[in-house]
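The structure file structure-v1.cif is reproduced below (mmCIF, C-alpha atoms).
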```cif
data_target
loop_
_atom_site.group_PDB
_atom_site.id
_atom_site.type_symbol
_atom_site.label_atom_id
_atom_site.label_comp_id
_atom_site.auth_asym_id
_atom_site.auth_seq_id
_atom_site.Cartn_x
_atom_site.Cartn_y
_atom_site.Cartn_z
ATOM 1 C CA MET A 1 117.037 184.791 74.491
ATOM 2 C CA LYS A 2 117.857 181.162 75.045
ATOM 3 C CA HIS A 3 118.981 179.926 78.403
ATOM 4 C CA ARG A 4 121.448 177.114 78.295
ATOM 5 C CA ARG A 5 121.184 174.443 80.911
ATOM 6 C CA GLY A 6 124.480 173.348 82.271
ATOM 7 C CA ASP A 7 125.318 170.178 84.087
ATOM 8 C CA ALA A 8 124.860 171.739 87.539
ATOM 9 C CA GLY A 9 121.951 169.383 88.245
ATOM 10 C CA SER A 10 123.996 166.274 87.596
ATOM 11 C CA THR A 11 126.837 167.597 89.754
ATOM 12 C CA GLU A 12 124.455 168.094 92.648
ATOM 13 C CA LEU A 13 123.055 164.610 92.122
ATOM 14 C CA VAL A 14 126.534 163.079 92.160
ATOM 15 C CA MET A 15 127.199 164.748 95.499
ATOM 16 C CA VAL A 16 123.810 164.102 97.126
ATOM 17 C CA LEU A 17 123.252 160.441 96.182
ATOM 18 C CA PRO A 18 126.246 158.988 98.085
ATOM 19 C CA ILE A 19 125.213 160.915 101.188
ATOM 20 C CA ALA A 20 121.619 159.737 100.855
ATOM 21 C CA PHE A 21 122.668 156.103 100.365
ATOM 22 C CA THR A 22 125.023 156.283 103.348
ATOM 23 C CA MET A 23 122.233 157.631 105.534
ATOM 24 C CA LEU A 24 119.880 154.888 104.334
ATOM 25 C CA LEU A 25 122.523 152.244 105.048
ATOM 26 C CA ALA A 26 122.995 153.670 108.551
ATOM 27 C CA VAL A 27 119.247 153.492 109.224
ATOM 28 C CA PHE A 28 119.093 149.854 108.104
ATOM 29 C CA GLN A 29 122.165 148.972 110.183
ATOM 30 C CA LEU A 30 120.690 150.626 113.267
ATOM 31 C CA GLY A 31 117.471 148.663 112.777
ATOM 32 C CA LEU A 32 119.319 145.348 112.509
ATOM 33 C CA TRP A 33 121.397 146.110 115.597
ATOM 34 C CA ALA A 34 118.352 147.226 117.624
ATOM 35 C CA HIS A 35 116.448 144.056 116.713
ATOM 36 C CA ALA A 36 119.371 141.827 117.735
ATOM 37 C CA GLN A 37 119.835 143.866 120.937
ATOM 38 C CA HIS A 38 116.183 143.361 121.844
ATOM 39 C CA ARG A 39 116.514 139.600 121.409
ATOM 40 C CA ALA A 40 119.677 139.523 123.537
ATOM 41 C CA GLU A 41 117.885 141.468 126.280
ATOM 42 C CA ALA A 42 114.991 138.979 126.245
ATOM 43 C CA ILE A 43 117.426 136.066 126.563
ATOM 44 C CA ALA A 44 119.269 137.757 129.446
ATOM 45 C CA GLU A 45 115.965 138.488 131.194
ATOM 46 C CA ARG A 46 114.913 134.828 131.041
ATOM 47 C CA ALA A 47 118.316 133.637 132.281
ATOM 48 C CA MET A 48 118.314 136.106 135.179
ATOM 49 C CA ALA A 49 114.747 135.235 136.158
ATOM 50 C CA ALA A 50 115.627 131.532 136.329
ATOM 51 C CA ALA A 51 118.845 132.155 138.278
ATOM 52 C CA ARG A 52 117.255 134.400 140.897
ATOM 53 C CA ALA A 53 114.593 131.863 141.896
ATOM 54 C CA HIS A 54 114.820 130.349 145.363
ATOM 55 C CA ASP A 55 116.965 127.176 145.345
ATOM 56 C CA ALA A 56 118.216 127.892 141.805
ATOM 57 C CA THR A 57 121.854 127.916 140.727
ATOM 58 C CA ALA A 58 123.882 129.744 138.109
ATOM 59 C CA GLY A 59 123.640 126.563 136.023
ATOM 60 C CA THR A 60 119.853 126.782 136.142
ATOM 61 C CA GLY A 61 120.010 130.303 134.758
ATOM 62 C CA THR A 62 122.549 129.339 132.095
ATOM 63 C CA ARG A 63 120.376 126.458 130.897
ATOM 64 C CA ALA A 64 117.295 128.706 130.776
ATOM 65 C CA GLY A 65 119.277 131.321 128.846
ATOM 66 C CA GLU A 66 120.581 128.775 126.351
ATOM 67 C CA GLU A 67 117.064 127.442 125.791
ATOM 68 C CA ALA A 68 115.800 130.987 125.243
ATOM 69 C CA ALA A 69 118.705 131.655 122.857
ATOM 70 C CA ALA A 70 117.806 128.582 120.816
ATOM 71 C CA GLN A 71 114.221 129.853 120.533
ATOM 72 C CA LEU A 72 114.859 133.582 120.070
ATOM 73 C CA LYS A 73 118.123 134.046 118.224
ATOM 74 C CA GLY A 74 116.525 133.542 114.820
ATOM 75 C CA GLY A 75 118.722 134.654 111.955
ATOM 76 C CA ILE A 76 119.510 138.057 113.415
ATOM 77 C CA LEU A 77 121.546 137.230 116.558
ATOM 78 C CA HIS A 78 124.687 135.248 115.773
ATOM 79 C CA ASP A 79 126.600 133.080 118.256
ATOM 80 C CA PRO A 80 124.830 134.150 121.453
ATOM 81 C CA MET A 81 126.891 133.347 124.544
ATOM 82 C CA VAL A 82 125.035 133.212 127.870
ATOM 83 C CA SER A 83 126.827 133.543 131.189
ATOM 84 C CA VAL A 84 125.151 133.657 134.592
ATOM 85 C CA ALA A 85 126.608 134.401 138.019
ATOM 86 C CA ARG A 86 124.869 134.141 141.354
ATOM 87 C CA GLY A 87 126.272 135.409 144.608
ATOM 88 C CA GLY A 88 126.061 138.124 147.215
ATOM 89 C CA GLY A 89 122.279 138.059 147.074
ATOM 90 C CA GLN A 90 122.305 138.970 143.365
ATOM 91 C CA ALA A 91 121.839 137.028 140.144
ATOM 92 C CA ARG A 92 123.510 138.444 137.015
ATOM 93 C CA ALA A 93 123.030 137.320 133.426
ATOM 94 C CA SER A 94 125.051 138.440 130.432
ATOM 95 C CA VAL A 95 124.397 137.707 126.765
ATOM 96 C CA THR A 96 126.885 138.595 124.047
ATOM 97 C CA GLY A 97 126.731 138.005 120.324
ATOM 98 C CA THR A 98 126.932 139.690 116.955
ATOM 99 C CA THR A 99 124.527 140.700 114.231
ATOM 100 C CA TYR A 100 124.667 141.387 110.524
ATOM 101 C CA GLY A 101 127.001 144.119 109.408
ATOM 102 C CA LEU A 102 126.013 145.813 106.186
ATOM 103 C CA ILE A 103 129.586 147.020 105.746
ATOM 104 C CA PRO A 104 131.729 144.066 104.593
ATOM 105 C CA GLY A 105 134.121 142.825 107.257
ATOM 106 C CA TRP A 106 132.305 144.542 110.140
ATOM 107 C CA THR A 107 130.105 142.631 112.580
ATOM 108 C CA PRO A 108 128.426 144.821 115.201
ATOM 109 C CA ALA A 109 128.589 143.475 118.750
ATOM 110 C CA VAL A 110 125.482 142.993 120.852
ATOM 111 C CA ARG A 111 125.569 142.787 124.646
ATOM 112 C CA ALA A 112 122.810 142.627 127.239
ATOM 113 C CA LEU A 113 123.171 142.574 131.022
ATOM 114 C CA ARG A 114 120.488 141.913 133.605
ATOM 115 C CA SER A 115 120.699 141.576 137.366
ATOM 116 C CA GLY A 116 118.281 141.217 140.211
ATOM 117 C CA PRO A 117 118.049 140.113 143.841
ATOM 118 C CA VAL A 118 117.910 136.410 144.652
ATOM 119 C CA GLU A 119 114.577 135.347 146.083
ATOM 120 C CA ARG A 120 114.660 134.567 149.813
ATOM 121 C CA LEU A 121 112.068 132.910 151.957
ATOM 122 C CA THR A 122 111.308 134.807 155.130
ATOM 123 C CA PRO A 123 109.203 133.310 157.889
#
```
Is it possible to express this structure as structure tokens?
Amino acid sequence: MKHRRGDAGSTELVMVLPIAFTMLLAVFQLGLWAHAQHRAEAIAERAMAAARAHDATAGTGTRAGEEAAAQLKGGILHDPMVSVARGGGQARASVTGTTYGLIPGWTPAVRALRSGPVERLTP
């Protein structure tokens, strides 16, 4: 008796490959976003650290954040915007930007926030 092979294998392949490629694309996209997010967090940390120093201003933190952005943005973090606020005994730094989107027309947003108490001298 001869067994005939049908095209069931190719049908399964046609259904499985798009799902597998979509999952692979999602993993790559998550990696790109996580890398850009890490860089934005490092920039925000530097800006907040500079702004919370005794006798510092929000401008000091903004300048430190912009310098860090110039060094750290690389090719993965696009158009990083640094904003720093200082008041009420707190210094807050925010970094926003975008990263590569593997889906055409979509650019994932990246945002990092850091805050900490302003340093005070106590006698």
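Minimum atom-to-atom distances from A:His78, A:Val84, A:Leu121, A:Ala58 to A:Trp33 were compared using only C-alpha atoms, and the lowest value belongs to A:His78.
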Quiz item: Evaluating the PyMOL selection byres ((chain A and resi 59-65) around 10) on the displayed file yields which residues, as a PyMOL selection string?
Solution: chain A and resi 40+42-53+55-58+66-71+80-86+91-95
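Across the structure, atom CA of A:Leu24 and atom CA of A:Ile103 are spaced 12.6 Å apart.
For the choices A:Gly87, A:Lys73, A:Gln29, A:Arg39, the atom-to-atom distance to A:Pro117 is smallest for A:Gly87 when using all atoms listed in the file.
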Self-check item: Selection under test: the PyMOL selection byres ((chain A and resi 109) around 9); residues as number ranges by chain
Solution: A: 33, 96-99, 107-108, 110-111
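Pairwise distance (atom CA of A:Ser115, atom CA of A:Asp79) equals 21.7 Å.
Atom CA of A:Arg120 to atom CA of A:Glu41 spans 24.7 Å [interatomic distance, one decimal].
Nearest to A:Ala112 of all the residues A:Ala20, A:Val27, A:Val14, A:Ala36 is A:Ala36, counting all atoms listed in the file.
Taking all atoms listed in the file into account, A:Leu77 lies nearest to A:His38 out of the set A:His38, A:Pro104, A:Arg114, A:Gly89.
Nearest to A:Gly31 of all the residues A:Ser10, A:Val16, A:Gly101, A:Leu72 is A:Gly101, based on all atoms listed in the file.
Among the candidate residues A:Gln37, A:His54, A:Glu12, A:Leu30, the one lying nearest to A:Leu113 is A:Gln37, with distances computed using all atoms listed in the file.
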Missing atoms in stretch 68-89 of chain A should be modelled up to N, CA and C atoms and reported as a PDB file, keeping the file's coordinate frame.
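Okay, this is what ended up in rebuild-v4.pdb:
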```pdb
ATOM      1  N   ALA A  68     116.393 129.769 125.812  1.00  0.00           N
ATOM      2  CA  ALA A  68     115.800 130.987 125.243  1.00  0.00           C
ATOM      3  C   ALA A  68     116.561 131.418 123.994  1.00  0.00           C
ATOM      4  N   ALA A  69     117.888 131.282 124.020  1.00  0.00           N
ATOM      5  CA  ALA A  69     118.705 131.655 122.857  1.00  0.00           C
ATOM      6  C   ALA A  69     118.364 130.772 121.661  1.00  0.00           C
ATOM      7  N   ALA A  70     118.158 129.491 121.910  1.00  0.00           N
ATOM      8  CA  ALA A  70     117.806 128.582 120.816  1.00  0.00           C
ATOM      9  C   ALA A  70     116.461 128.978 120.196  1.00  0.00           C
ATOM     10  N   GLN A  71     115.540 129.468 121.023  1.00  0.00           N
ATOM     11  CA  GLN A  71     114.221 129.853 120.533  1.00  0.00           C
ATOM     12  C   GLN A  71     114.221 131.239 119.897  1.00  0.00           C
ATOM     13  N   LEU A  72     114.988 132.172 120.452  1.00  0.00           N
ATOM     14  CA  LEU A  72     114.859 133.582 120.070  1.00  0.00           C
ATOM     15  C   LEU A  72     115.915 134.115 119.125  1.00  0.00           C
ATOM     16  N   LYS A  73     117.035 133.439 118.992  1.00  0.00           N
ATOM     17  CA  LYS A  73     118.123 134.046 118.224  1.00  0.00           C
ATOM     18  C   LYS A  73     117.750 134.270 116.762  1.00  0.00           C
ATOM     19  N   GLY A  74     116.940 133.384 116.210  1.00  0.00           N
ATOM     20  CA  GLY A  74     116.525 133.542 114.820  1.00  0.00           C
ATOM     21  C   GLY A  74     117.731 133.684 113.915  1.00  0.00           C
ATOM     22  N   GLY A  75     117.599 134.443 112.849  1.00  0.00           N
ATOM     23  CA  GLY A  75     118.722 134.654 111.955  1.00  0.00           C
ATOM     24  C   GLY A  75     119.438 135.959 112.222  1.00  0.00           C
ATOM     25  N   ILE A  76     118.976 136.718 113.206  1.00  0.00           N
ATOM     26  CA  ILE A  76     119.510 138.057 113.415  1.00  0.00           C
ATOM     27  C   ILE A  76     120.605 138.107 114.473  1.00  0.00           C
ATOM     28  N   LEU A  77     120.558 137.236 115.476  1.00  0.00           N
ATOM     29  CA  LEU A  77     121.546 137.230 116.558  1.00  0.00           C
ATOM     30  C   LEU A  77     122.467 136.037 116.356  1.00  0.00           C
ATOM     31  N   HIS A  78     123.729 136.305 116.065  1.00  0.00           N
ATOM     32  CA  HIS A  78     124.687 135.248 115.773  1.00  0.00           C
ATOM     33  C   HIS A  78     125.519 134.902 117.001  1.00  0.00           C
ATOM     34  N   ASP A  79     125.737 133.613 117.201  1.00  0.00           N
ATOM     35  CA  ASP A  79     126.600 133.080 118.256  1.00  0.00           C
ATOM     36  C   ASP A  79     126.329 133.684 119.636  1.00  0.00           C
ATOM     37  N   PRO A  80     125.086 133.597 120.125  1.00  0.00           N
ATOM     38  CA  PRO A  80     124.830 134.150 121.453  1.00  0.00           C
ATOM     39  C   PRO A  80     125.517 133.318 122.539  1.00  0.00           C
ATOM     40  N   MET A  81     126.217 133.990 123.416  1.00  0.00           N
ATOM     41  CA  MET A  81     126.891 133.347 124.544  1.00  0.00           C
ATOM     42  C   MET A  81     126.214 133.828 125.823  1.00  0.00           C
ATOM     43  N   VAL A  82     125.743 132.886 126.637  1.00  0.00           N
ATOM     44  CA  VAL A  82     125.035 133.212 127.870  1.00  0.00           C
ATOM     45  C   VAL A  82     125.935 132.888 129.042  1.00  0.00           C
ATOM     46  N   SER A  83     126.103 133.836 129.947  1.00  0.00           N
ATOM     47  CA  SER A  83     126.827 133.543 131.189  1.00  0.00           C
ATOM     48  C   SER A  83     126.009 134.096 132.343  1.00  0.00           C
ATOM     49  N   VAL A  84     125.950 133.301 133.422  1.00  0.00           N
ATOM     50  CA  VAL A  84     125.151 133.657 134.592  1.00  0.00           C
ATOM     51  C   VAL A  84     126.008 133.502 135.829  1.00  0.00           C
ATOM     52  N   ALA A  85     125.910 134.468 136.726  1.00  0.00           N
ATOM     53  CA  ALA A  85     126.608 134.401 138.019  1.00  0.00           C
ATOM     54  C   ALA A  85     125.573 134.654 139.112  1.00  0.00           C
ATOM     55  N   ARG A  86     125.787 133.984 140.227  1.00  0.00           N
ATOM     56  CA  ARG A  86     124.869 134.141 141.354  1.00  0.00           C
ATOM     57  C   ARG A  86     125.702 134.208 142.615  1.00  0.00           C
ATOM     58  N   GLY A  87     125.530 135.266 143.356  1.00  0.00           N
ATOM     59  CA  GLY A  87     126.272 135.409 144.608  1.00  0.00           C
ATOM     60  C   GLY A  87     126.026 136.769 145.221  1.00  0.00           C
ATOM     61  N   GLY A  88     126.258 136.861 146.523  1.00  0.00           N
ATOM     62  CA  GLY A  88     126.061 138.124 147.215  1.00  0.00           C
ATOM     63  C   GLY A  88     124.629 138.598 147.187  1.00  0.00           C
ATOM     64  N   GLY A  89     123.686 137.682 147.111  1.00  0.00           N
ATOM     65  CA  GLY A  89     122.279 138.059 147.074  1.00  0.00           C
ATOM     66  C   GLY A  89     121.815 138.581 145.726  1.00  0.00           C
TER      67      GLY A  89
END
```
